[in-house]
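This is upload19.cif (mmCIF, C-alpha atoms; chains and numbers go by the auth columns).
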```cif
data_input
loop_
_atom_site.group_PDB
_atom_site.id
_atom_site.type_symbol
_atom_site.label_atom_id
_atom_site.label_comp_id
_atom_site.label_asym_id
_atom_site.label_seq_id
_atom_site.Cartn_x
_atom_site.Cartn_y
_atom_site.Cartn_z
_atom_site.B_iso_or_equiv
_atom_site.auth_seq_id
_atom_site.auth_asym_id
ATOM 1 C CA MET A 1 0.000 0.000 0.000 0.00 1 A
ATOM 2 C CA ALA A 2 2.889 2.391 0.706 0.00 2 A
ATOM 3 C CA ARG A 3 4.013 2.227 -2.930 0.00 3 A
ATOM 4 C CA ASP A 4 0.442 2.764 -4.093 0.00 4 A
ATOM 5 C CA LEU A 5 0.196 6.018 -2.128 0.00 5 A
ATOM 6 C CA LEU A 6 3.149 7.582 -3.953 0.00 6 A
ATOM 7 C CA GLY A 7 1.821 9.913 -6.646 0.00 7 A
ATOM 8 C CA GLN A 8 -1.629 10.053 -5.062 0.00 8 A
ATOM 9 C CA TYR A 9 -2.946 13.380 -3.776 0.00 9 A
ATOM 10 C CA LEU A 10 -3.599 14.397 -0.214 0.00 10 A
ATOM 11 C CA VAL A 11 -6.611 16.710 -0.388 0.00 11 A
ATOM 12 C CA ARG A 12 -7.743 18.951 2.459 0.00 12 A
ATOM 13 C CA LYS A 13 -10.852 21.088 2.633 0.00 13 A
ATOM 14 C CA VAL A 14 -10.837 23.705 5.375 0.00 14 A
ATOM 15 C CA SER A 15 -12.673 27.026 5.719 0.00 15 A
ATOM 16 C CA GLY A 16 -14.329 26.557 2.319 0.00 16 A
ATOM 17 C CA ARG A 17 -10.981 26.188 0.564 0.00 17 A
ATOM 18 C CA THR A 18 -9.652 22.972 -0.994 0.00 18 A
ATOM 19 C CA ARG A 19 -5.920 22.319 -1.308 0.00 19 A
ATOM 20 C CA ALA A 20 -4.109 19.323 -2.758 0.00 20 A
ATOM 21 C CA ALA A 21 -0.562 17.997 -2.665 0.00 21 A
ATOM 22 C CA ARG A 22 1.053 15.049 -4.409 0.00 22 A
ATOM 23 C CA ILE A 23 2.421 12.472 -1.978 0.00 23 A
ATOM 24 C CA ILE A 24 6.131 12.006 -2.673 0.00 24 A
ATOM 25 C CA GLU A 25 7.444 10.217 0.424 0.00 25 A
ATOM 26 C CA VAL A 26 5.937 7.688 2.820 0.00 26 A
ATOM 27 C CA GLU A 27 7.026 5.256 5.504 0.00 27 A
ATOM 28 C CA ALA A 28 5.342 1.924 6.303 0.00 28 A
ATOM 29 C CA TYR A 29 4.679 0.443 9.753 0.00 29 A
ATOM 30 C CA ILE A 30 3.453 -3.118 9.585 0.00 30 A
ATOM 31 C CA GLY A 31 1.844 -4.940 12.454 0.00 31 A
ATOM 32 C CA PRO A 32 2.411 -5.762 16.093 0.00 32 A
ATOM 33 C CA ARG A 33 5.795 -7.454 15.572 0.00 33 A
ATOM 34 C CA ASP A 34 7.275 -4.369 13.853 0.00 34 A
ATOM 35 C CA LEU A 35 9.020 -2.754 16.839 0.00 35 A
ATOM 36 C CA ALA A 36 8.917 0.651 15.136 0.00 36 A
ATOM 37 C CA CYS A 37 5.117 0.452 14.844 0.00 37 A
ATOM 38 C CA HIS A 38 3.119 2.080 17.652 0.00 38 A
ATOM 39 C CA ALA A 39 0.959 -1.057 17.816 0.00 39 A
ATOM 40 C CA SER A 40 3.959 -3.154 18.896 0.00 40 A
ATOM 41 C CA LYS A 41 3.233 -2.013 22.457 0.00 41 A
ATOM 42 C CA GLY A 42 -0.310 -3.349 22.200 0.00 42 A
ATOM 43 C CA ARG A 43 -3.738 -1.915 21.744 0.00 43 A
ATOM 44 C CA THR A 44 -4.066 1.452 23.462 0.00 44 A
ATOM 45 C CA LYS A 45 -6.384 4.439 23.258 0.00 45 A
ATOM 46 C CA ARG A 46 -3.801 6.075 20.960 0.00 46 A
ATOM 47 C CA THR A 47 -3.475 3.085 18.607 0.00 47 A
ATOM 48 C CA GLU A 48 -7.105 1.922 18.598 0.00 48 A
ATOM 49 C CA VAL A 49 -7.702 3.371 15.130 0.00 49 A
ATOM 50 C CA MET A 50 -4.910 1.181 13.719 0.00 50 A
ATOM 51 C CA PHE A 51 -6.885 -1.919 14.685 0.00 51 A
ATOM 52 C CA GLY A 52 -9.954 -0.672 12.804 0.00 52 A
ATOM 53 C CA ASP A 53 -10.975 -0.271 9.202 0.00 53 A
ATOM 54 C CA PRO A 54 -8.423 0.542 6.501 0.00 54 A
ATOM 55 C CA GLY A 55 -8.727 3.974 4.942 0.00 55 A
ATOM 56 C CA ARG A 56 -8.867 5.811 8.270 0.00 56 A
ATOM 57 C CA ALA A 57 -6.527 8.576 9.391 0.00 57 A
ATOM 58 C CA TYR A 58 -4.254 7.799 12.322 0.00 58 A
ATOM 59 C CA VAL A 59 -3.134 11.199 13.599 0.00 59 A
ATOM 60 C CA TYR A 60 -0.915 11.512 16.638 0.00 60 A
ATOM 61 C CA LEU A 61 1.189 14.141 18.353 0.00 61 A
ATOM 62 C CA ILE A 62 4.969 13.760 18.747 0.00 62 A
ATOM 63 C CA TYR A 63 7.239 15.741 21.048 0.00 63 A
ATOM 64 C CA GLY A 64 4.083 17.416 22.336 0.00 64 A
ATOM 65 C CA MET A 65 4.012 19.748 19.348 0.00 65 A
ATOM 66 C CA TYR A 66 3.976 18.060 15.916 0.00 66 A
ATOM 67 C CA HIS A 67 1.104 16.123 14.403 0.00 67 A
ATOM 68 C CA CYS A 68 1.761 13.181 12.091 0.00 68 A
ATOM 69 C CA LEU A 69 -0.680 11.726 9.564 0.00 69 A
ATOM 70 C CA ASN A 70 -0.788 7.999 8.864 0.00 70 A
ATOM 71 C CA ILE A 71 -3.221 6.033 6.753 0.00 71 A
ATOM 72 C CA VAL A 72 -4.455 2.746 8.189 0.00 72 A
ATOM 73 C CA THR A 73 -3.834 0.159 5.473 0.00 73 A
ATOM 74 C CA GLU A 74 -4.624 -3.389 6.557 0.00 74 A
ATOM 75 C CA ARG A 75 -7.634 -5.469 7.543 0.00 75 A
ATOM 76 C CA ARG A 76 -9.392 -4.962 10.874 0.00 76 A
ATOM 77 C CA GLU A 77 -7.434 -6.237 13.873 0.00 77 A
ATOM 78 C CA PHE A 78 -4.085 -6.132 12.011 0.00 78 A
ATOM 79 C CA PRO A 79 -2.522 -2.766 12.926 0.00 79 A
ATOM 80 C CA ALA A 80 -0.561 -1.292 10.047 0.00 80 A
ATOM 81 C CA ALA A 81 -0.313 2.226 8.689 0.00 81 A
ATOM 82 C CA VAL A 82 1.647 4.405 6.284 0.00 82 A
ATOM 83 C CA LEU A 83 3.089 7.711 7.478 0.00 83 A
ATOM 84 C CA ILE A 84 2.917 10.629 5.039 0.00 84 A
ATOM 85 C CA ARG A 85 6.463 12.069 5.181 0.00 85 A
ATOM 86 C CA ALA A 86 6.512 14.578 2.303 0.00 86 A
ATOM 87 C CA VAL A 87 4.227 16.143 -0.281 0.00 87 A
ATOM 88 C CA GLU A 88 4.586 18.561 -3.172 0.00 88 A
ATOM 89 C CA ASP A 89 2.104 21.339 -3.869 0.00 89 A
ATOM 90 C CA GLU A 90 2.070 24.680 -5.696 0.00 90 A
ATOM 91 C CA SER A 91 4.411 26.160 -3.073 0.00 91 A
ATOM 92 C CA GLY A 92 7.058 23.437 -3.434 0.00 92 A
ATOM 93 C CA ILE A 93 8.044 20.439 -1.346 0.00 93 A
ATOM 94 C CA ILE A 94 6.780 20.155 2.194 0.00 94 A
ATOM 95 C CA ASP A 95 9.278 17.760 3.724 0.00 95 A
ATOM 96 C CA GLY A 96 8.618 16.182 7.109 0.00 96 A
ATOM 97 C CA PRO A 97 5.424 14.757 8.588 0.00 97 A
ATOM 98 C CA GLY A 98 5.014 17.605 11.088 0.00 98 A
ATOM 99 C CA ARG A 99 5.372 20.231 8.360 0.00 99 A
ATOM 100 C CA VAL A 100 2.829 18.413 6.175 0.00 100 A
ATOM 101 C CA CYS A 101 0.288 18.438 8.989 0.00 101 A
ATOM 102 C CA ARG A 102 0.944 22.071 9.838 0.00 102 A
ATOM 103 C CA ALA A 103 0.639 23.177 6.189 0.00 103 A
ATOM 104 C CA TYR A 104 -2.600 21.240 5.697 0.00 104 A
ATOM 105 C CA GLU A 105 -4.112 21.959 9.113 0.00 105 A
ATOM 106 C CA ILE A 106 -4.196 18.306 10.147 0.00 106 A
ATOM 107 C CA ASP A 107 -4.510 17.710 13.870 0.00 107 A
ATOM 108 C CA LEU A 108 -6.027 15.289 16.377 0.00 108 A
ATOM 109 C CA THR A 109 -9.573 16.310 15.397 0.00 109 A
ATOM 110 C CA LEU A 110 -9.005 14.274 12.212 0.00 110 A
ATOM 111 C CA ASN A 111 -7.851 11.128 14.013 0.00 111 A
ATOM 112 C CA SER A 112 -9.991 8.191 12.801 0.00 112 A
ATOM 113 C CA HIS A 113 -11.426 10.328 9.969 0.00 113 A
ATOM 114 C CA ASP A 114 -12.610 8.214 7.014 0.00 114 A
ATOM 115 C CA LEU A 115 -10.294 9.192 4.144 0.00 115 A
ATOM 116 C CA THR A 116 -12.451 7.413 1.563 0.00 116 A
ATOM 117 C CA GLN A 117 -15.462 9.739 1.808 0.00 117 A
ATOM 118 C CA GLY A 118 -14.060 12.871 0.135 0.00 118 A
ATOM 119 C CA GLN A 119 -14.894 15.135 3.056 0.00 119 A
ATOM 120 C CA LEU A 120 -12.461 17.392 4.940 0.00 120 A
ATOM 121 C CA LEU A 121 -9.436 15.177 4.201 0.00 121 A
ATOM 122 C CA TRP A 122 -9.007 12.443 1.619 0.00 122 A
ATOM 123 C CA ILE A 123 -6.655 10.664 -0.766 0.00 123 A
ATOM 124 C CA GLU A 124 -7.341 11.167 -4.469 0.00 124 A
ATOM 125 C CA ASP A 125 -6.031 9.205 -7.440 0.00 125 A
ATOM 126 C CA ARG A 126 -5.245 11.552 -10.330 0.00 126 A
ATOM 127 C CA GLY A 127 -3.507 8.907 -12.430 0.00 127 A
ATOM 128 C CA GLU A 128 0.028 10.091 -11.666 0.00 128 A
ATOM 129 C CA ARG A 129 1.644 6.850 -10.521 0.00 129 A
ATOM 130 C CA PRO A 130 5.439 6.840 -10.609 0.00 130 A
ATOM 131 C CA SER A 131 7.121 3.933 -12.353 0.00 131 A
ATOM 132 C CA LYS A 132 8.769 1.346 -10.101 0.00 132 A
ATOM 133 C CA SER A 133 12.164 2.508 -11.344 0.00 133 A
ATOM 134 C CA LYS A 134 11.495 6.001 -9.931 0.00 134 A
ATOM 135 C CA ILE A 135 10.801 4.786 -6.385 0.00 135 A
ATOM 136 C CA VAL A 136 13.721 4.705 -3.960 0.00 136 A
ATOM 137 C CA ALA A 137 13.501 2.581 -0.808 0.00 137 A
ATOM 138 C CA SER A 138 15.580 3.253 2.282 0.00 138 A
ATOM 139 C CA ALA A 139 15.627 2.650 6.028 0.00 139 A
ATOM 140 C CA ARG A 140 13.064 4.391 8.177 0.00 140 A
ATOM 141 C CA ILE A 141 14.005 7.531 10.096 0.00 141 A
ATOM 142 C CA GLY A 142 14.039 8.110 13.843 0.00 142 A
ATOM 143 C CA VAL A 143 13.262 4.544 14.919 0.00 143 A
ATOM 144 C CA ASP A 144 16.697 3.364 16.060 0.00 144 A
ATOM 145 C CA TYR A 145 15.079 1.958 19.210 0.00 145 A
ATOM 146 C CA ALA A 146 13.437 -0.714 17.012 0.00 146 A
ATOM 147 C CA GLY A 147 16.637 -2.699 16.433 0.00 147 A
ATOM 148 C CA ASP A 148 16.677 -4.623 13.148 0.00 148 A
ATOM 149 C CA TRP A 149 13.206 -3.253 12.333 0.00 149 A
ATOM 150 C CA ALA A 150 14.713 0.222 11.906 0.00 150 A
ATOM 151 C CA ALA A 151 16.747 -0.978 8.927 0.00 151 A
ATOM 152 C CA LYS A 152 13.742 -2.265 6.967 0.00 152 A
ATOM 153 C CA PRO A 153 13.627 -0.464 3.586 0.00 153 A
ATOM 154 C CA TRP A 154 10.103 0.771 4.204 0.00 154 A
ATOM 155 C CA ARG A 155 10.711 4.467 3.609 0.00 155 A
ATOM 156 C CA LEU A 156 9.779 5.161 -0.004 0.00 156 A
ATOM 157 C CA ARG A 157 10.301 8.330 -2.049 0.00 157 A
ATOM 158 C CA ILE A 158 9.728 9.298 -5.652 0.00 158 A
ATOM 159 C CA GLU A 159 13.278 9.691 -6.952 0.00 159 A
ATOM 160 C CA ASP A 160 12.809 12.310 -9.665 0.00 160 A
ATOM 161 C CA VAL A 161 11.151 14.937 -7.475 0.00 161 A
ATOM 162 C CA PRO A 162 13.540 17.873 -7.160 0.00 162 A
ATOM 163 C CA ARG A 163 14.414 18.635 -3.550 0.00 163 A
ATOM 164 C CA ARG A 164 13.332 22.256 -3.631 0.00 164 A
ATOM 165 C CA ARG A 165 11.891 23.223 -0.309 0.00 165 A
ATOM 166 C CA ARG A 166 8.939 25.409 0.300 0.00 166 A
ATOM 167 C CA THR A 167 9.901 28.843 1.568 0.00 167 A
ATOM 168 C CA SER A 168 7.438 29.128 4.437 0.00 168 A
#
```

Structure rendered as structure tokens:
Amino acid sequence: MARDLLGQYLVRKVSGRTRAARIIEVEAYIGPRDLACHASKGRTKRTEVMFGDPGRAYVYLIYGMYHCLNIVTERREFPAAVLIRAVEDESGIIDGPGRVCRAYEIDLTLNSHDLTQGQLLWIEDRGERPSKSKIVASARIGVDYAGDWAAKPWRLRIEDVPRRRRTS
């Protein structure tokens, strides 16, 4: 599912305005045995959404100040999700899950939101799938505590996207 999200659009409607950004980098977290996955510590109030229906938003707060958006991807009771790490919109590249959420006004009010309904926040297929040769896989970031799981090549990025950063 992580590969399938690359090239899709993250669409956000807020205050009567609709914005969209192409997803260019993601990171997969797969199940209770993946020590980098929040669900590896068991079912909690925070991770409950991961055990539910696929297509839901899993939004959480890190460091007490940054929101992160994940998309629940697997069947009920199997907790797996894909973190949106970077997007590209008319202003340039928004690199980093906290920056993506800040730019698109994504916070805990959208946790468990159904991303398949086309309301407030959704994923849209505009037919812009990158070829397999343009996708680069690498180790996940910031999960050194997960031992061998940290080295899994489950961070995926579209290779040909220039690394120009948004100015604000």

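Of the residues under consideration (A:Arg157, A:Arg46, A:Arg99, A:Arg12), A:Arg157 shows the shortest atom-to-atom contact distance to Pro130 of chain A when counting all atoms listed in the file.
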
Inset, instruction - Please evaluate the PyMOL selection byres ((chain A and resi 22-28) around 6) against the displayed coordinates and give the resulting residues as a PyMOL selection string. - result: chain A and resi 6-9+21+29+82-88+154-158

Inset, instruction - Grab the atom CA of Asp148 of chain A to atom CA of Leu5 of chain A distance for me, in Å with one decimal place. - result: 24.9 Å

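Matched in the shown structure by the PyMOL selection byres ((chain A and resi 115) around 6): A:Gly55, A:Arg56, A:Asp114, A:Thr116, A:Gln117, A:Trp122.
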
Legend entry - Exercise: residues within 12 Å of coordinate (-0.8, 14.8, 12.8), counting only C-alpha atoms, as a PyMOL selection string: chain A and resi 57-71+83-85+96-113

Once you have the residues from the selection above, write them out as a short mmCIF file (atom, residue, chain, number, x, y, z; two decimals), in the frame of the given file, restricted to C-alpha atoms.
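Result file result.cif:
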```
data_model
loop_
_atom_site.label_atom_id
_atom_site.label_comp_id
_atom_site.auth_asym_id
_atom_site.auth_seq_id
_atom_site.Cartn_x
_atom_site.Cartn_y
_atom_site.Cartn_z
CA ALA A 57 -6.53 8.58 9.39
CA TYR A 58 -4.25 7.80 12.32
CA VAL A 59 -3.13 11.20 13.60
CA TYR A 60 -0.92 11.51 16.64
CA LEU A 61 1.19 14.14 18.35
CA ILE A 62 4.97 13.76 18.75
CA TYR A 63 7.24 15.74 21.05
CA GLY A 64 4.08 17.42 22.34
CA MET A 65 4.01 19.75 19.35
CA TYR A 66 3.98 18.06 15.92
CA HIS A 67 1.10 16.12 14.40
CA CYS A 68 1.76 13.18 12.09
CA LEU A 69 -0.68 11.73 9.56
CA ASN A 70 -0.79 8.00 8.86
CA ILE A 71 -3.22 6.03 6.75
CA LEU A 83 3.09 7.71 7.48
CA ILE A 84 2.92 10.63 5.04
CA ARG A 85 6.46 12.07 5.18
CA GLY A 96 8.62 16.18 7.11
CA PRO A 97 5.42 14.76 8.59
CA GLY A 98 5.01 17.60 11.09
CA ARG A 99 5.37 20.23 8.36
CA VAL A 100 2.83 18.41 6.18
CA CYS A 101 0.29 18.44 8.99
CA ARG A 102 0.94 22.07 9.84
CA ALA A 103 0.64 23.18 6.19
CA TYR A 104 -2.60 21.24 5.70
CA GLU A 105 -4.11 21.96 9.11
CA ILE A 106 -4.20 18.31 10.15
CA ASP A 107 -4.51 17.71 13.87
CA LEU A 108 -6.03 15.29 16.38
CA THR A 109 -9.57 16.31 15.40
CA LEU A 110 -9.01 14.27 12.21
CA ASN A 111 -7.85 11.13 14.01
CA SER A 112 -9.99 8.19 12.80
CA HIS A 113 -11.43 10.33 9.97
#
```

Block slice segment 27-152 of chain A, C-alpha atoms, emitted as a PDB file, in the first residue's frame:
```pdb
ATOM      1  CA  GLU A  27       7.026   5.256   5.504  1.00  0.00           C
ATOM      2  CA  ALA A  28       5.342   1.924   6.303  1.00  0.00           C
ATOM      3  CA  TYR A  29       4.679   0.443   9.753  1.00  0.00           C
ATOM      4  CA  ILE A  30       3.453  -3.118   9.585  1.00  0.00           C
ATOM      5  CA  GLY A  31       1.844  -4.940  12.454  1.00  0.00           C
ATOM      6  CA  PRO A  32       2.411  -5.762  16.093  1.00  0.00           C
ATOM      7  CA  ARG A  33       5.795  -7.454  15.572  1.00  0.00           C
ATOM      8  CA  ASP A  34       7.275  -4.369  13.853  1.00  0.00           C
ATOM      9  CA  LEU A  35       9.020  -2.754  16.839  1.00  0.00           C
ATOM     10  CA  ALA A  36       8.917   0.651  15.136  1.00  0.00           C
ATOM     11  CA  CYS A  37       5.117   0.452  14.844  1.00  0.00           C
ATOM     12  CA  HIS A  38       3.119   2.080  17.652  1.00  0.00           C
ATOM     13  CA  ALA A  39       0.959  -1.057  17.816  1.00  0.00           C
ATOM     14  CA  SER A  40       3.959  -3.154  18.896  1.00  0.00           C
ATOM     15  CA  LYS A  41       3.233  -2.013  22.457  1.00  0.00           C
ATOM     16  CA  GLY A  42      -0.310  -3.349  22.200  1.00  0.00           C
ATOM     17  CA  ARG A  43      -3.738  -1.915  21.744  1.00  0.00           C
ATOM     18  CA  THR A  44      -4.066   1.452  23.462  1.00  0.00           C
ATOM     19  CA  LYS A  45      -6.384   4.439  23.258  1.00  0.00           C
ATOM     20  CA  ARG A  46      -3.801   6.075  20.960  1.00  0.00           C
ATOM     21  CA  THR A  47      -3.475   3.085  18.607  1.00  0.00           C
ATOM     22  CA  GLU A  48      -7.105   1.922  18.598  1.00  0.00           C
ATOM     23  CA  VAL A  49      -7.702   3.371  15.130  1.00  0.00           C
ATOM     24  CA  MET A  50      -4.910   1.181  13.719  1.00  0.00           C
ATOM     25  CA  PHE A  51      -6.885  -1.919  14.685  1.00  0.00           C
ATOM     26  CA  GLY A  52      -9.954  -0.672  12.804  1.00  0.00           C
ATOM     27  CA  ASP A  53     -10.975  -0.271   9.202  1.00  0.00           C
ATOM     28  CA  PRO A  54      -8.423   0.542   6.501  1.00  0.00           C
ATOM     29  CA  GLY A  55      -8.727   3.974   4.942  1.00  0.00           C
ATOM     30  CA  ARG A  56      -8.867   5.811   8.270  1.00  0.00           C
ATOM     31  CA  ALA A  57      -6.527   8.576   9.391  1.00  0.00           C
ATOM     32  CA  TYR A  58      -4.254   7.799  12.322  1.00  0.00           C
ATOM     33  CA  VAL A  59      -3.134  11.199  13.599  1.00  0.00           C
ATOM     34  CA  TYR A  60      -0.915  11.512  16.638  1.00  0.00           C
ATOM     35  CA  LEU A  61       1.189  14.141  18.353  1.00  0.00           C
ATOM     36  CA  ILE A  62       4.969  13.760  18.747  1.00  0.00           C
ATOM     37  CA  TYR A  63       7.239  15.741  21.048  1.00  0.00           C
ATOM     38  CA  GLY A  64       4.083  17.416  22.336  1.00  0.00           C
ATOM     39  CA  MET A  65       4.012  19.748  19.348  1.00  0.00           C
ATOM     40  CA  TYR A  66       3.976  18.060  15.916  1.00  0.00           C
ATOM     41  CA  HIS A  67       1.104  16.123  14.403  1.00  0.00           C
ATOM     42  CA  CYS A  68       1.761  13.181  12.091  1.00  0.00           C
ATOM     43  CA  LEU A  69      -0.680  11.726   9.564  1.00  0.00           C
ATOM     44  CA  ASN A  70      -0.788   7.999   8.864  1.00  0.00           C
ATOM     45  CA  ILE A  71      -3.221   6.033   6.753  1.00  0.00           C
ATOM     46  CA  VAL A  72      -4.455   2.746   8.189  1.00  0.00           C
ATOM     47  CA  THR A  73      -3.834   0.159   5.473  1.00  0.00           C
ATOM     48  CA  GLU A  74      -4.624  -3.389   6.557  1.00  0.00           C
ATOM     49  CA  ARG A  75      -7.634  -5.469   7.543  1.00  0.00           C
ATOM     50  CA  ARG A  76      -9.392  -4.962  10.874  1.00  0.00           C
ATOM     51  CA  GLU A  77      -7.434  -6.237  13.873  1.00  0.00           C
ATOM     52  CA  PHE A  78      -4.085  -6.132  12.011  1.00  0.00           C
ATOM     53  CA  PRO A  79      -2.522  -2.766  12.926  1.00  0.00           C
ATOM     54  CA  ALA A  80      -0.561  -1.292  10.047  1.00  0.00           C
ATOM     55  CA  ALA A  81      -0.313   2.226   8.689  1.00  0.00           C
ATOM     56  CA  VAL A  82       1.647   4.405   6.284  1.00  0.00           C
ATOM     57  CA  LEU A  83       3.089   7.711   7.478  1.00  0.00           C
ATOM     58  CA  ILE A  84       2.917  10.629   5.039  1.00  0.00           C
ATOM     59  CA  ARG A  85       6.463  12.069   5.181  1.00  0.00           C
ATOM     60  CA  ALA A  86       6.512  14.578   2.303  1.00  0.00           C
ATOM     61  CA  VAL A  87       4.227  16.143  -0.281  1.00  0.00           C
ATOM     62  CA  GLU A  88       4.586  18.561  -3.172  1.00  0.00           C
ATOM     63  CA  ASP A  89       2.104  21.339  -3.869  1.00  0.00           C
ATOM     64  CA  GLU A  90       2.070  24.680  -5.696  1.00  0.00           C
ATOM     65  CA  SER A  91       4.411  26.160  -3.073  1.00  0.00           C
ATOM     66  CA  GLY A  92       7.058  23.437  -3.434  1.00  0.00           C
ATOM     67  CA  ILE A  93       8.044  20.439  -1.346  1.00  0.00           C
ATOM     68  CA  ILE A  94       6.780  20.155   2.194  1.00  0.00           C
ATOM     69  CA  ASP A  95       9.278  17.760   3.724  1.00  0.00           C
ATOM     70  CA  GLY A  96       8.618  16.182   7.109  1.00  0.00           C
ATOM     71  CA  PRO A  97       5.424  14.757   8.588  1.00  0.00           C
ATOM     72  CA  GLY A  98       5.014  17.605  11.088  1.00  0.00           C
ATOM     73  CA  ARG A  99       5.372  20.231   8.360  1.00  0.00           C
ATOM     74  CA  VAL A 100       2.829  18.413   6.175  1.00  0.00           C
ATOM     75  CA  CYS A 101       0.288  18.438   8.989  1.00  0.00           C
ATOM     76  CA  ARG A 102       0.944  22.071   9.838  1.00  0.00           C
ATOM     77  CA  ALA A 103       0.639  23.177   6.189  1.00  0.00           C
ATOM     78  CA  TYR A 104      -2.600  21.240   5.697  1.00  0.00           C
ATOM     79  CA  GLU A 105      -4.112  21.959   9.113  1.00  0.00           C
ATOM     80  CA  ILE A 106      -4.196  18.306  10.147  1.00  0.00           C
ATOM     81  CA  ASP A 107      -4.510  17.710  13.870  1.00  0.00           C
ATOM     82  CA  LEU A 108      -6.027  15.289  16.377  1.00  0.00           C
ATOM     83  CA  THR A 109      -9.573  16.310  15.397  1.00  0.00           C
ATOM     84  CA  LEU A 110      -9.005  14.274  12.212  1.00  0.00           C
ATOM     85  CA  ASN A 111      -7.851  11.128  14.013  1.00  0.00           C
ATOM     86  CA  SER A 112      -9.991   8.191  12.801  1.00  0.00           C
ATOM     87  CA  HIS A 113     -11.426  10.328   9.969  1.00  0.00           C
ATOM     88  CA  ASP A 114     -12.610   8.214   7.014  1.00  0.00           C
ATOM     89  CA  LEU A 115     -10.294   9.192   4.144  1.00  0.00           C
ATOM     90  CA  THR A 116     -12.451   7.413   1.563  1.00  0.00           C
ATOM     91  CA  GLN A 117     -15.462   9.739   1.808  1.00  0.00           C
ATOM     92  CA  GLY A 118     -14.060  12.871   0.135  1.00  0.00           C
ATOM     93  CA  GLN A 119     -14.894  15.135   3.056  1.00  0.00           C
ATOM     94  CA  LEU A 120     -12.461  17.392   4.940  1.00  0.00           C
ATOM     95  CA  LEU A 121      -9.436  15.177   4.201  1.00  0.00           C
ATOM     96  CA  TRP A 122      -9.007  12.443   1.619  1.00  0.00           C
ATOM     97  CA  ILE A 123      -6.655  10.664  -0.766  1.00  0.00           C
ATOM     98  CA  GLU A 124      -7.341  11.167  -4.469  1.00  0.00           C
ATOM     99  CA  ASP A 125      -6.031   9.205  -7.440  1.00  0.00           C
ATOM    100  CA  ARG A 126      -5.245  11.552 -10.330  1.00  0.00           C
ATOM    101  CA  GLY A 127      -3.507   8.907 -12.430  1.00  0.00           C
ATOM    102  CA  GLU A 128       0.028  10.091 -11.666  1.00  0.00           C
ATOM    103  CA  ARG A 129       1.644   6.850 -10.521  1.00  0.00           C
ATOM    104  CA  PRO A 130       5.439   6.840 -10.609  1.00  0.00           C
ATOM    105  CA  SER A 131       7.121   3.933 -12.353  1.00  0.00           C
ATOM    106  CA  LYS A 132       8.769   1.346 -10.101  1.00  0.00           C
ATOM    107  CA  SER A 133      12.164   2.508 -11.344  1.00  0.00           C
ATOM    108  CA  LYS A 134      11.495   6.001  -9.931  1.00  0.00           C
ATOM    109  CA  ILE A 135      10.801   4.786  -6.385  1.00  0.00           C
ATOM    110  CA  VAL A 136      13.721   4.705  -3.960  1.00  0.00           C
ATOM    111  CA  ALA A 137      13.501   2.581  -0.808  1.00  0.00           C
ATOM    112  CA  SER A 138      15.580   3.253   2.282  1.00  0.00           C
ATOM    113  CA  ALA A 139      15.627   2.650   6.028  1.00  0.00           C
ATOM    114  CA  ARG A 140      13.064   4.391   8.177  1.00  0.00           C
ATOM    115  CA  ILE A 141      14.005   7.531  10.096  1.00  0.00           C
ATOM    116  CA  GLY A 142      14.039   8.110  13.843  1.00  0.00           C
ATOM    117  CA  VAL A 143      13.262   4.544  14.919  1.00  0.00           C
ATOM    118  CA  ASP A 144      16.697   3.364  16.060  1.00  0.00           C
ATOM    119  CA  TYR A 145      15.079   1.958  19.210  1.00  0.00           C
ATOM    120  CA  ALA A 146      13.437  -0.714  17.012  1.00  0.00           C
ATOM    121  CA  GLY A 147      16.637  -2.699  16.433  1.00  0.00           C
ATOM    122  CA  ASP A 148      16.677  -4.623  13.148  1.00  0.00           C
ATOM    123  CA  TRP A 149      13.206  -3.253  12.333  1.00  0.00           C
ATOM    124  CA  ALA A 150      14.713   0.222  11.906  1.00  0.00           C
ATOM    125  CA  ALA A 151      16.747  -0.978   8.927  1.00  0.00           C
ATOM    126  CA  LYS A 152      13.742  -2.265   6.967  1.00  0.00           C
TER     127      LYS A 152
END
```
